[in-house]
file model.cif (mmCIF, C-alpha atoms)
data_start
#
loop_
_atom_site.label_atom_id
_atom_site.label_comp_id
_atom_site.auth_asym_id
_atom_site.auth_seq_id
_atom_site.Cartn_x
_atom_site.Cartn_y
_atom_site.Cartn_z
CA MET A 138 -6.14 -39.35 45.49
CA ILE A 139 -4.87 -35.81 45.74
CA LYS A 140 -2.31 -36.49 43.01
CA ARG A 141 -4.97 -37.98 40.81
CA ASP A 142 -7.24 -34.96 41.27
CA HIS A 143 -4.30 -32.69 40.50
CA LEU A 144 -3.56 -34.68 37.35
CA ASP A 145 -7.18 -34.43 36.28
CA ALA A 146 -7.09 -30.66 36.77
CA GLN A 147 -3.91 -30.39 34.70
CA THR A 148 -5.45 -32.48 31.96
CA ARG A 149 -8.55 -30.30 31.82
CA GLN A 150 -6.37 -27.18 31.76
CA LEU A 151 -4.34 -28.48 28.84
CA GLN A 152 -7.53 -29.43 27.00
CA ASP A 153 -8.92 -25.91 27.54
CA VAL A 154 -5.69 -24.27 26.39
CA VAL A 155 -5.47 -26.37 23.24
CA THR A 156 -9.16 -25.86 22.42
CA ASN A 157 -8.87 -22.09 22.96
CA VAL A 158 -5.80 -21.81 20.75
CA GLU A 159 -7.36 -23.97 18.06
CA LYS A 160 -10.44 -21.75 17.97
CA HIS A 161 -8.87 -18.30 18.05
CA PHE A 162 -5.76 -19.05 16.01
CA GLY A 163 -8.04 -20.51 13.36
CA GLU A 164 -10.11 -17.31 13.32
CA LEU A 165 -7.00 -15.13 13.18
CA CYS A 166 -5.61 -17.19 10.33
CA GLN A 167 -8.80 -16.79 8.30
CA ILE A 168 -9.03 -13.04 8.91
CA PHE A 169 -5.36 -12.38 8.13
CA ALA A 170 -5.67 -14.49 4.97
CA ALA A 171 -8.70 -12.41 3.92
CA TYR A 172 -6.71 -9.24 4.67
CA VAL A 173 -3.91 -10.42 2.38
CA ARG A 174 -6.39 -11.31 -0.38
CA LYS A 175 -7.99 -7.86 -0.12
CA THR A 176 -4.56 -6.24 -0.35
CA ALA A 177 -3.78 -8.29 -3.44
CA ARG A 178 -7.08 -7.24 -5.02
CA LEU A 179 -6.29 -3.60 -4.21
CA ARG A 180 -2.96 -4.07 -6.00
CA ASP A 181 -4.79 -5.42 -9.06
CA LYS A 182 -7.21 -2.48 -9.11
CA ALA A 183 -4.30 -0.07 -8.78
CA ASP A 184 -2.65 -1.68 -11.82
CA LEU A 185 -5.85 -1.01 -13.79
CA LEU A 186 -5.78 2.60 -12.63
CA VAL A 187 -2.16 2.98 -13.77
CA ASN A 188 -3.06 1.66 -17.23
CA GLU A 189 -6.05 3.98 -17.57
CA VAL A 190 -4.08 7.05 -16.44
CA ASN A 191 -1.40 6.28 -19.05
CA VAL A 192 -4.00 5.88 -21.80
CA TYR A 193 -5.71 9.13 -20.84
CA ALA A 194 -2.40 11.01 -20.50
CA SER A 195 -1.48 10.20 -24.10
CA THR A 196 -4.49 12.26 -25.28
CA GLU A 197 -3.73 15.38 -23.26
CA THR A 198 -1.68 18.57 -23.60
CA PRO A 199 2.09 18.32 -23.00
CA ASN A 200 2.37 19.44 -19.36
CA LEU A 201 -0.68 17.51 -18.24
CA LYS A 202 0.51 14.49 -20.17
CA GLU A 203 3.92 14.55 -18.52
CA GLY A 204 2.48 15.09 -15.04
CA LEU A 205 -0.01 12.23 -15.36
CA LYS A 206 2.57 9.83 -16.75
CA ASN A 207 4.95 10.65 -13.90
CA PHE A 208 2.12 10.06 -11.44
CA ALA A 209 1.35 6.71 -13.10
CA ASP A 210 5.01 5.69 -12.85
CA GLU A 211 5.11 6.48 -9.13
CA PHE A 212 1.81 4.73 -8.51
CA ALA A 213 3.03 1.66 -10.39
CA LYS A 214 6.14 1.66 -8.20
CA LEU A 215 3.87 1.65 -5.15
CA GLN A 216 2.18 -1.51 -6.42
CA ASP A 217 5.55 -3.24 -6.50
CA TYR A 218 5.89 -2.44 -2.81
CA ARG A 219 2.34 -3.65 -2.24
CA GLN A 220 3.19 -6.95 -3.94
CA ALA A 221 6.15 -7.34 -1.59
CA GLU A 222 3.78 -6.58 1.31
CA VAL A 223 1.41 -9.35 0.17
CA GLU A 224 4.20 -11.90 -0.13
CA ARG A 225 5.68 -11.03 3.27
CA LEU A 226 2.30 -11.15 5.02
CA GLU A 227 1.63 -14.54 3.50
CA ALA A 228 5.01 -15.92 4.60
CA LYS A 229 5.41 -14.23 8.00
CA VAL A 230 1.83 -14.05 9.28
CA VAL A 231 -0.59 -16.39 7.54
CA GLU A 232 1.68 -19.42 7.25
CA PRO A 233 2.75 -19.45 10.94
CA LEU A 234 -0.89 -19.20 12.00
CA LYS A 235 -1.80 -21.95 9.58
CA ALA A 236 0.99 -24.09 11.00
CA TYR A 237 -0.74 -23.97 14.37
CA GLY A 238 -3.24 -26.44 13.01
CA THR A 239 -0.43 -29.02 12.98
CA ILE A 240 0.90 -27.86 16.36
CA VAL A 241 -2.54 -28.22 17.95
CA LYS A 242 -2.89 -31.69 16.47
CA MET A 243 0.47 -32.70 17.96
CA LYS A 244 -0.56 -31.33 21.36
CA ARG A 245 -3.80 -33.27 21.19
CA ASP A 246 -1.78 -36.40 20.47
CA ASP A 247 0.40 -35.62 23.51
CA LEU A 248 -2.71 -35.10 25.56
CA LYS A 249 -4.15 -38.37 24.35
CA ALA A 250 -0.94 -40.23 25.26
CA THR A 251 -0.96 -38.59 28.68
CA LEU A 252 -4.57 -39.59 29.29
CA THR A 253 -3.81 -43.14 28.21
CA ALA A 254 -0.87 -43.33 30.62
CA LYS A 255 -2.99 -41.84 33.37
CA ASN A 256 -5.76 -44.37 32.84
CA ARG A 257 -3.24 -47.21 32.78
CA GLU A 258 -1.64 -46.21 36.07
CA ALA A 259 -5.04 -45.66 37.64
CA LYS A 260 -5.98 -49.20 36.59
CA GLN A 261 -2.74 -50.61 38.08
CA LEU A 262 -3.30 -48.80 41.35
CA SER A 263 -6.85 -50.13 41.46
CA GLN A 264 -5.64 -53.68 40.86
CA LEU A 265 -3.08 -53.38 43.62
CA GLU A 266 -5.73 -52.11 46.00
CA ARG A 267 -8.01 -55.04 45.18
CA THR A 268 -5.17 -57.46 45.70
CA ARG A 269 -4.55 -56.01 49.14
CA GLN A 270 -8.18 -56.34 50.01
CA ARG A 271 -8.33 -59.97 48.89
CA ASN A 272 -5.13 -60.92 50.65
CA PRO A 273 -4.78 -58.70 53.72
CA SER A 274 -2.50 -61.19 55.42
CA ASP A 275 -0.24 -61.23 52.41
CA ARG A 276 0.17 -57.44 52.40
CA HIS A 277 3.91 -57.70 52.84
CA ILE A 278 4.09 -60.32 50.12
CA ILE A 279 2.65 -57.97 47.46
CA ALA A 280 5.27 -57.18 44.88
CA GLU A 281 6.55 -53.82 45.85
CA SER A 282 8.15 -53.41 42.46
CA GLU A 283 4.73 -53.09 40.85
CA LEU A 284 3.72 -50.41 43.28
CA GLN A 285 6.92 -48.55 42.72
CA ARG A 286 6.49 -48.84 38.97
CA ALA A 287 2.93 -47.47 39.21
CA THR A 288 4.13 -44.61 41.37
CA MET A 289 6.97 -43.83 39.01
CA ASP A 290 4.59 -43.91 36.05
CA ALA A 291 2.27 -41.53 37.84
CA THR A 292 5.12 -39.16 38.63
CA ARG A 293 6.50 -39.32 35.11
CA THR A 294 3.09 -38.74 33.56
CA THR A 295 2.44 -35.77 35.81
CA ARG A 296 5.82 -34.25 35.01
CA HIS A 297 5.33 -34.80 31.29
CA LEU A 298 1.92 -33.16 31.40
CA GLU A 299 3.32 -30.18 33.29
CA GLU A 300 6.13 -29.80 30.76
CA THR A 301 3.65 -30.12 27.91
CA ILE A 302 1.45 -27.35 29.30
CA ASP A 303 4.43 -25.13 30.07
CA ASN A 304 6.10 -25.59 26.67
CA PHE A 305 2.88 -25.12 24.78
CA GLU A 306 2.09 -21.88 26.63
CA LYS A 307 5.64 -20.57 26.20
CA GLN A 308 5.64 -21.33 22.47
CA LYS A 309 2.21 -19.82 22.03
CA ILE A 310 3.23 -16.50 23.62
CA LYS A 311 6.48 -16.39 21.64
CA ASP A 312 4.70 -17.13 18.36
CA ILE A 313 2.03 -14.52 18.98
CA LYS A 314 4.71 -11.90 19.65
CA ASN A 315 6.61 -12.86 16.49
CA ILE A 316 3.54 -12.97 14.26
CA PHE A 317 2.19 -9.61 15.32
CA SER A 318 5.65 -8.02 15.32
CA GLU A 319 6.14 -9.22 11.75
CA PHE A 320 2.73 -7.88 10.76
CA ILE A 321 3.46 -4.44 12.22
CA THR A 322 6.95 -4.30 10.68
CA ILE A 323 5.68 -5.28 7.22
CA GLU A 324 2.92 -2.67 7.35
CA MET A 325 5.31 0.03 8.59
CA LEU A 326 7.76 -0.71 5.76
CA PHE A 327 5.01 -0.53 3.16
CA HIS A 328 3.46 2.66 4.48
CA GLY A 329 6.87 4.28 4.82
CA LYS A 330 7.58 3.57 1.16
CA ALA A 331 4.03 4.62 0.29
CA LEU A 332 4.60 8.01 1.91
CA GLU A 333 7.74 8.55 -0.18
CA VAL A 334 5.99 7.51 -3.39
CA TYR A 335 2.87 9.58 -2.73
CA THR A 336 5.05 12.62 -1.97
CA ALA A 337 6.80 12.28 -5.33
CA ALA A 338 3.47 11.69 -7.09
CA TYR A 339 1.99 14.81 -5.47
CA GLN A 340 4.95 16.92 -6.56
CA ASN A 341 4.62 15.67 -10.14
CA ILE A 342 0.98 16.68 -10.23
CA GLN A 343 1.73 20.11 -8.75
CA LYS A 344 4.38 20.74 -11.44
CA ILE A 345 1.74 20.76 -14.19
CA ASP A 346 1.79 24.24 -15.83
CA GLU A 347 -1.86 25.14 -16.28
CA ASP A 348 -1.25 28.40 -18.17
CA GLU A 349 1.10 26.83 -20.69
CA ASP A 350 -1.27 23.95 -21.38
CA LEU A 351 -4.17 26.40 -21.68
CA GLU A 352 -2.19 28.39 -24.24
CA VAL A 353 -1.53 25.23 -26.22
CA PHE A 354 -5.22 24.36 -26.06
CA ARG A 355 -6.32 27.82 -27.23
CA ASN A 356 -3.76 27.77 -30.01
CA SER A 357 -5.22 24.49 -31.21
CA LEU A 358 -8.69 26.08 -31.30
CA TYR A 359 -7.63 29.37 -32.95
CA PRO A 360 -4.53 28.60 -35.03
CA GLN A 361 -4.78 31.63 -37.45
CA ASP A 362 -5.71 34.67 -35.40
CA TYR A 363 -4.33 33.42 -32.12
CA SER A 364 -1.10 35.44 -32.47
CA SER A 365 -2.99 38.72 -32.88
CA ARG A 366 -5.22 37.85 -29.96
CA LEU A 367 -2.14 37.14 -27.87
CA ASP A 368 -0.70 40.53 -28.85
CA ILE A 369 -3.90 42.22 -27.67
CA VAL A 370 -3.79 40.35 -24.40
CA ARG A 371 -0.16 41.21 -23.90
CA ALA A 372 -0.78 44.87 -24.76
CA ASN A 373 -3.58 45.04 -22.24
CA SER A 374 -1.33 43.51 -19.66
CA LYS A 375 1.35 46.26 -20.10
CA SER A 376 1.88 48.93 -17.48
CA PRO A 377 0.53 52.52 -18.08
CA LEU A 378 4.08 53.77 -18.75
CA GLN A 379 4.65 51.07 -21.36
CA ARG A 380 1.33 51.90 -23.03
CA SER A 381 2.22 55.65 -23.08
CA LEU A 382 5.60 55.01 -24.68
CA SER A 383 4.02 52.67 -27.19
CA THR A 384 1.39 55.28 -28.09
CA LYS A 385 4.03 57.99 -28.61
CA CYS A 386 6.01 55.74 -30.86
CA VAL A 387 2.97 54.99 -32.94
CA SER A 388 2.00 58.71 -33.05
CA GLY A 389 5.49 59.77 -34.15
CA THR A 390 5.55 57.19 -36.84
CA GLY A 391 2.20 58.45 -38.11
CA GLN A 392 3.44 62.07 -38.35
CA VAL A 393 6.52 61.11 -40.29
CA THR A 394 4.44 59.11 -42.68
CA THR A 395 2.00 62.02 -43.18
CA CYS A 396 4.84 64.46 -43.92
CA ARG A 397 6.31 62.10 -46.40
CA LEU A 398 2.94 61.74 -48.14
CA ARG A 399 2.52 65.48 -48.34
CA LYS A 400 6.01 65.99 -49.82
CA ASP A 401 5.40 63.26 -52.35
CA GLN A 402 2.07 64.82 -53.33
CA GLN A 403 3.69 68.29 -53.71
CA ALA A 404 6.42 66.84 -55.88
CA ASP A 405 3.81 65.22 -58.09
CA ASP A 406 1.97 68.53 -58.42
CA ASP A 407 5.23 70.33 -59.41
CA ASP A 408 5.90 67.71 -62.06
CA GLU A 409 2.41 68.21 -63.49
CA ASP A 410 2.91 72.00 -63.58
CA ASP A 411 6.21 71.55 -65.43
CA GLU A 412 4.54 69.35 -67.98
CA ASP A 413 1.77 71.93 -68.50
CA LEU A 414 4.36 74.66 -69.09
CA ASP A 415 6.22 72.55 -71.63
CA VAL A 416 3.02 71.90 -73.53
CA THR A 417 2.08 75.59 -73.55
CA GLU A 418 5.50 76.63 -74.92
CA GLU A 419 5.28 74.10 -77.69
CA GLU A 420 1.86 75.42 -78.74
CA ASN A 421 3.13 78.97 -78.81
CA GLN A 422 5.98 77.96 -81.09
CA PHE A 423 3.54 76.52 -83.60
#
call {"tool": "encode", "arguments": {"input": "model.cif", "output": "structure tokens"}}
result
Amino acid sequence: MIKRDHLDAQTRQLQDVVTNVEKHFGELCQIFAAYVRKTARLRDKADLLVNEVNVYASTETPNLKEGLKNFADEFAKLQDYRQAEVERLEAKVVEPLKAYGTIVKMKRDDLKATLTAKNREAKQLSQLERTRQRNPSDRHIIAESELQRATMDATRTTRHLEETIDNFEKQKIKDIKNIFSEFITIEMLFHGKALEVYTAAYQNIQKIDEDEDLEVFRNSLYPQDYSSRLDIVRANSKSPLQRSLSTKCVSGTGQVTTCRLRKDQQADDDDEDDEDLDVTEEENQF
């Protein structure tokens, strides 16, 4: 009776373990599958972002264009890593959890076979007991082989049930460790690559020369007088010493020019006086 109660307790324990695994592994499988689907959708949205950045970059000034295109290239590379992440999660996490549906079914079949064997041996023991009660004087005549067989069946069934519980629990713990270890490793690999890619993308954005692109933009707005405006800006940006030297140069040039004008004007006046003298002498001759 004690053995039978012990067997009943083992059976209930195995039923509880299988039911618990079936419930929670099923939930984990659904949530991890949803996580993978969300990651795949994020990859798709990122691809759209890459396309839009490339389209926008083609309309911009040279430095900004180059920086955005380099960013888009790096971000596209990241989506390749994200695709690998999706595939690995599907293979290493979701599929093993999904396979537990089959494992649980097999354990339920084992449990069913164990219960059937247990009921059969209980029936045999009951029949033997009734036979003893009907034929107390023939107690020594009862076939001892049947009793031994029933006892052996009980022992074998108990041992099988114990092994089933032990193996199932061992496999469950091992699988949980493997599944979560794979999940963590896959995520670490992706985020490690993501850090490298984002670092390169950040550097490409920081390399954009704002002043040069602004000059190109202003030049496109003021193509004719932009050079003179740049000269004014550059002149204003010179040091006081540079401005003083520049002023002296301009002043000296002005003086030379004025002297030259005066000499030219004096020469013209002398020529006119010579002409007047020639005309006067001719009149006097007549």
call {"tool": "residues_around", "arguments": {"input": "model.cif", "residues": "region 192-208 of chain A", "least_positions_apart": "5", "cutoff": "9 Å", "atoms": "all atoms listed in the file", "output": "number ranges by chain"}}
result
A: 187, 213, 335, 337-347, 349-351, 353-354
call {"tool": "atom_distance", "arguments": {"input": "model.cif", "atom1": "CA of Leu248 (chain A)", "atom2": "CA of Arg296 (chain A)"}}
result
12.8 Å
call {"tool": "resolve_selection", "arguments": {"input": "model.cif", "expression": "the PyMOL selection byres ((chain A and resi 183) around 12)", "output": "VMD selection string"}}
result
chain A and resid 176 to 182 184 to 190 209 to 217 219 to 220
call {"tool": "atom_distance", "arguments": {"input": "model.cif", "atom1": "CA of Arg245 (chain A)", "atom2": "CA of Val155 (chain A)"}}
result
7.4 Å
call {"tool": "residues_around", "arguments": {"input": "model.cif", "residues": "Lys249 (chain A)", "least_positions_apart": "6", "cutoff": "12 Å", "atoms": "only C-alpha atoms", "output": "list in words"}}
result
Thr148, Arg149, Leu151, Gln152, Lys242, Met243, Lys255, Asn256, Thr294, Leu298 and Thr301 of chain A
call {"tool": "atom_distance", "arguments": {"input": "model.cif", "atom1": "CA of Ala259 (chain A)", "atom2": "CA of Val241 (chain A)"}}
result
26.4 Å
call {"tool": "closest_residue", "arguments": {"input": "model.cif", "among": "A:Lys229, A:Lys235, A:His297, A:Arg174", "to": "Val158 (chain A)", "atoms": "only C-alpha atoms"}}
result
A:Lys235
call {"tool": "residues_around", "arguments": {"input": "model.cif", "residues": "region 319-322 of chain A", "least_positions_apart": "3", "cutoff": "8 Å", "atoms": "all atoms listed in the file", "output": "ChimeraX atom specification"}}
result
/A:226,229-230,315-316,325-326
call {"tool": "write_last_selection", "arguments": {"input": "model.cif", "atoms": "C-alpha atoms", "output": "PDB file, in the frame of the given file"}}
result
ATOM      1  CA  LEU A 226       2.300 -11.150   5.020  1.00  0.00           C
ATOM      2  CA  LYS A 229       5.410 -14.230   8.000  1.00  0.00           C
ATOM      3  CA  VAL A 230       1.830 -14.050   9.280  1.00  0.00           C
ATOM      4  CA  ASN A 315       6.610 -12.860  16.490  1.00  0.00           C
ATOM      5  CA  ILE A 316       3.540 -12.970  14.260  1.00  0.00           C
ATOM      6  CA  MET A 325       5.310   0.030   8.590  1.00  0.00           C
ATOM      7  CA  LEU A 326       7.760  -0.710   5.760  1.00  0.00           C
TER       8      LEU A 326
END
call {"tool": "closest_residue", "arguments": {"input": "model.cif", "among": "A:Phe305, A:Tyr237, A:Phe327, A:Phe317", "to": "Glu164 (chain A)", "atoms": "only C-alpha atoms"}}
result
A:Tyr237
call {"tool": "closest_residue", "arguments": {"input": "model.cif", "among": "A:His161, A:Ile323, A:Asp145, A:Ala228", "to": "Thr251 (chain A)", "atoms": "all atoms listed in the file"}}
result
A:Asp145
call {"tool": "closest_residue", "arguments": {"input": "model.cif", "among": "A:Val154, A:Pro233, A:Ala221, A:Ala146", "to": "Phe169 (chain A)", "atoms": "only C-alpha atoms"}}
result
A:Pro233
call {"tool": "closest_residue", "arguments": {"input": "model.cif", "among": "A:Asn356, A:Gly238, A:Asp312, A:Glu299", "to": "Lys160 (chain A)", "atoms": "all atoms listed in the file"}}
result
A:Gly238
call {"tool": "axis_aligned_box", "arguments": {"input": "model.cif", "around": "region 148-154 of chain A", "padding_each_side": "3 Å", "output": "lines of an AutoDock Vina configuration file"}}
result
center_x = -6.6
center_y = -28.4
center_z = 29.2
size_x = 10.6
size_y = 14.2
size_z = 11.6
call {"tool": "decode", "arguments": {"input": "model.cif", "residues": "region 236-248 of chain A", "atoms": "all heavy atoms", "output": "mmCIF file, in the first residue's frame"}}
result
data_model
loop_
_atom_site.group_PDB
_atom_site.id
_atom_site.type_symbol
_atom_site.label_atom_id
_atom_site.label_comp_id
_atom_site.auth_asym_id
_atom_site.auth_seq_id
_atom_site.Cartn_x
_atom_site.Cartn_y
_atom_site.Cartn_z
ATOM 1 N N ALA A 236 9.776 23.215 -30.038
ATOM 2 C CA ALA A 236 9.955 21.760 -30.018
ATOM 3 C C ALA A 236 9.473 21.147 -28.713
ATOM 4 O O ALA A 236 9.196 19.938 -28.654
ATOM 5 C CB ALA A 236 11.433 21.421 -30.239
ATOM 6 N N TYR A 237 9.362 21.959 -27.665
ATOM 7 C CA TYR A 237 8.900 21.418 -26.389
ATOM 8 C C TYR A 237 7.446 20.994 -26.438
ATOM 9 O O TYR A 237 6.981 20.245 -25.578
ATOM 10 C CB TYR A 237 9.147 22.409 -25.249
ATOM 11 C CG TYR A 237 10.264 21.954 -24.355
ATOM 12 C CD1 TYR A 237 11.589 22.162 -24.716
ATOM 13 C CD2 TYR A 237 10.015 21.262 -23.185
ATOM 14 C CE1 TYR A 237 12.623 21.716 -23.918
ATOM 15 C CE2 TYR A 237 11.041 20.803 -22.381
ATOM 16 C CZ TYR A 237 12.343 21.042 -22.765
ATOM 17 O OH TYR A 237 13.361 20.571 -21.977
ATOM 18 N N GLY A 238 6.723 21.458 -27.429
ATOM 19 C CA GLY A 238 5.365 20.952 -27.617
ATOM 20 C C GLY A 238 5.390 19.453 -27.895
ATOM 21 O O GLY A 238 4.605 18.680 -27.327
ATOM 22 N N THR A 239 6.336 19.030 -28.756
ATOM 23 C CA THR A 239 6.490 17.606 -29.062
ATOM 24 C C THR A 239 7.033 16.837 -27.865
ATOM 25 O O THR A 239 6.589 15.708 -27.573
ATOM 26 C CB THR A 239 7.445 17.438 -30.264
ATOM 27 O OG1 THR A 239 6.941 18.180 -31.377
ATOM 28 C CG2 THR A 239 7.575 15.981 -30.648
ATOM 29 N N ILE A 240 8.000 17.453 -27.155
ATOM 30 C CA ILE A 240 8.580 16.788 -25.985
ATOM 31 C C ILE A 240 7.517 16.552 -24.921
ATOM 32 O O ILE A 240 7.432 15.466 -24.326
ATOM 33 C CB ILE A 240 9.742 17.627 -25.422
ATOM 34 C CG1 ILE A 240 10.893 17.673 -26.428
ATOM 35 C CG2 ILE A 240 10.221 17.058 -24.091
ATOM 36 C CD1 ILE A 240 12.022 18.608 -26.041
ATOM 37 N N VAL A 241 6.693 17.550 -24.674
ATOM 38 C CA VAL A 241 5.621 17.416 -23.671
ATOM 39 C C VAL A 241 4.641 16.317 -24.077
ATOM 40 O O VAL A 241 4.189 15.528 -23.245
ATOM 41 C CB VAL A 241 4.907 18.767 -23.480
ATOM 42 C CG1 VAL A 241 3.607 18.593 -22.707
ATOM 43 C CG2 VAL A 241 5.814 19.744 -22.749
ATOM 44 N N LYS A 242 4.339 16.265 -25.380
ATOM 45 C CA LYS A 242 3.423 15.223 -25.850
ATOM 46 C C LYS A 242 4.005 13.831 -25.601
ATOM 47 O O LYS A 242 3.307 12.903 -25.169
ATOM 48 C CB LYS A 242 3.150 15.420 -27.341
ATOM 49 C CG LYS A 242 2.137 14.447 -27.932
ATOM 50 C CD LYS A 242 1.882 14.773 -29.390
ATOM 51 C CE LYS A 242 0.864 13.807 -29.982
ATOM 52 N NZ LYS A 242 1.267 12.396 -29.915
ATOM 53 N N MET A 243 5.316 13.691 -25.862
ATOM 54 C CA MET A 243 5.965 12.397 -25.625
ATOM 55 C C MET A 243 5.933 12.038 -24.139
ATOM 56 O O MET A 243 5.695 10.867 -23.770
ATOM 57 C CB MET A 243 7.411 12.440 -26.130
ATOM 58 C CG MET A 243 7.543 12.539 -27.642
ATOM 59 S SD MET A 243 9.242 12.825 -28.180
ATOM 60 C CE MET A 243 10.047 11.399 -27.493
ATOM 61 N N LYS A 244 6.169 13.046 -23.279
ATOM 62 C CA LYS A 244 6.146 12.770 -21.844
ATOM 63 C C LYS A 244 4.739 12.414 -21.373
ATOM 64 O O LYS A 244 4.566 11.588 -20.471
ATOM 65 C CB LYS A 244 6.683 13.982 -21.060
ATOM 66 C CG LYS A 244 8.149 14.270 -21.321
ATOM 67 C CD LYS A 244 9.014 13.044 -21.059
ATOM 68 C CE LYS A 244 10.458 13.270 -21.445
ATOM 69 N NZ LYS A 244 11.285 12.057 -21.288
ATOM 70 N N ARG A 245 3.753 13.012 -21.984
ATOM 71 C CA ARG A 245 2.377 12.642 -21.631
ATOM 72 C C ARG A 245 2.080 11.203 -22.065
ATOM 73 O O ARG A 245 1.362 10.472 -21.364
ATOM 74 C CB ARG A 245 1.383 13.603 -22.286
ATOM 75 C CG ARG A 245 1.343 14.981 -21.616
ATOM 76 C CD ARG A 245 0.084 15.741 -22.001
ATOM 77 N NE ARG A 245 0.065 17.056 -21.390
ATOM 78 C CZ ARG A 245 -0.257 17.307 -20.132
ATOM 79 N NH1 ARG A 245 -0.567 16.300 -19.324
ATOM 80 N NH2 ARG A 245 -0.263 18.534 -19.673
ATOM 81 N N ASP A 246 2.634 10.820 -23.209
ATOM 82 C CA ASP A 246 2.463 9.425 -23.640
ATOM 83 C C ASP A 246 3.151 8.475 -22.668
ATOM 84 O O ASP A 246 2.613 7.405 -22.329
ATOM 85 C CB ASP A 246 3.026 9.245 -25.052
ATOM 86 C CG ASP A 246 2.198 9.969 -26.108
ATOM 87 O OD1 ASP A 246 1.022 10.278 -25.811
ATOM 88 O OD2 ASP A 246 2.732 10.211 -27.211
ATOM 89 N N ASP A 247 4.364 8.859 -22.210
ATOM 90 C CA ASP A 247 5.063 8.045 -21.208
ATOM 91 C C ASP A 247 4.244 7.953 -19.925
ATOM 92 O O ASP A 247 4.140 6.878 -19.305
ATOM 93 C CB ASP A 247 6.439 8.649 -20.886
ATOM 94 C CG ASP A 247 7.418 8.474 -22.037
ATOM 95 O OD1 ASP A 247 7.148 7.639 -22.920
ATOM 96 O OD2 ASP A 247 8.445 9.183 -22.045
ATOM 97 N N LEU A 248 3.672 9.073 -19.549
ATOM 98 C CA LEU A 248 2.870 9.097 -18.331
ATOM 99 C C LEU A 248 1.629 8.211 -18.482
ATOM 100 O O LEU A 248 1.251 7.466 -17.560
ATOM 101 C CB LEU A 248 2.461 10.537 -18.021
ATOM 102 C CG LEU A 248 1.638 10.763 -16.756
ATOM 103 C CD1 LEU A 248 2.404 10.297 -15.532
ATOM 104 C CD2 LEU A 248 1.257 12.230 -16.626
#
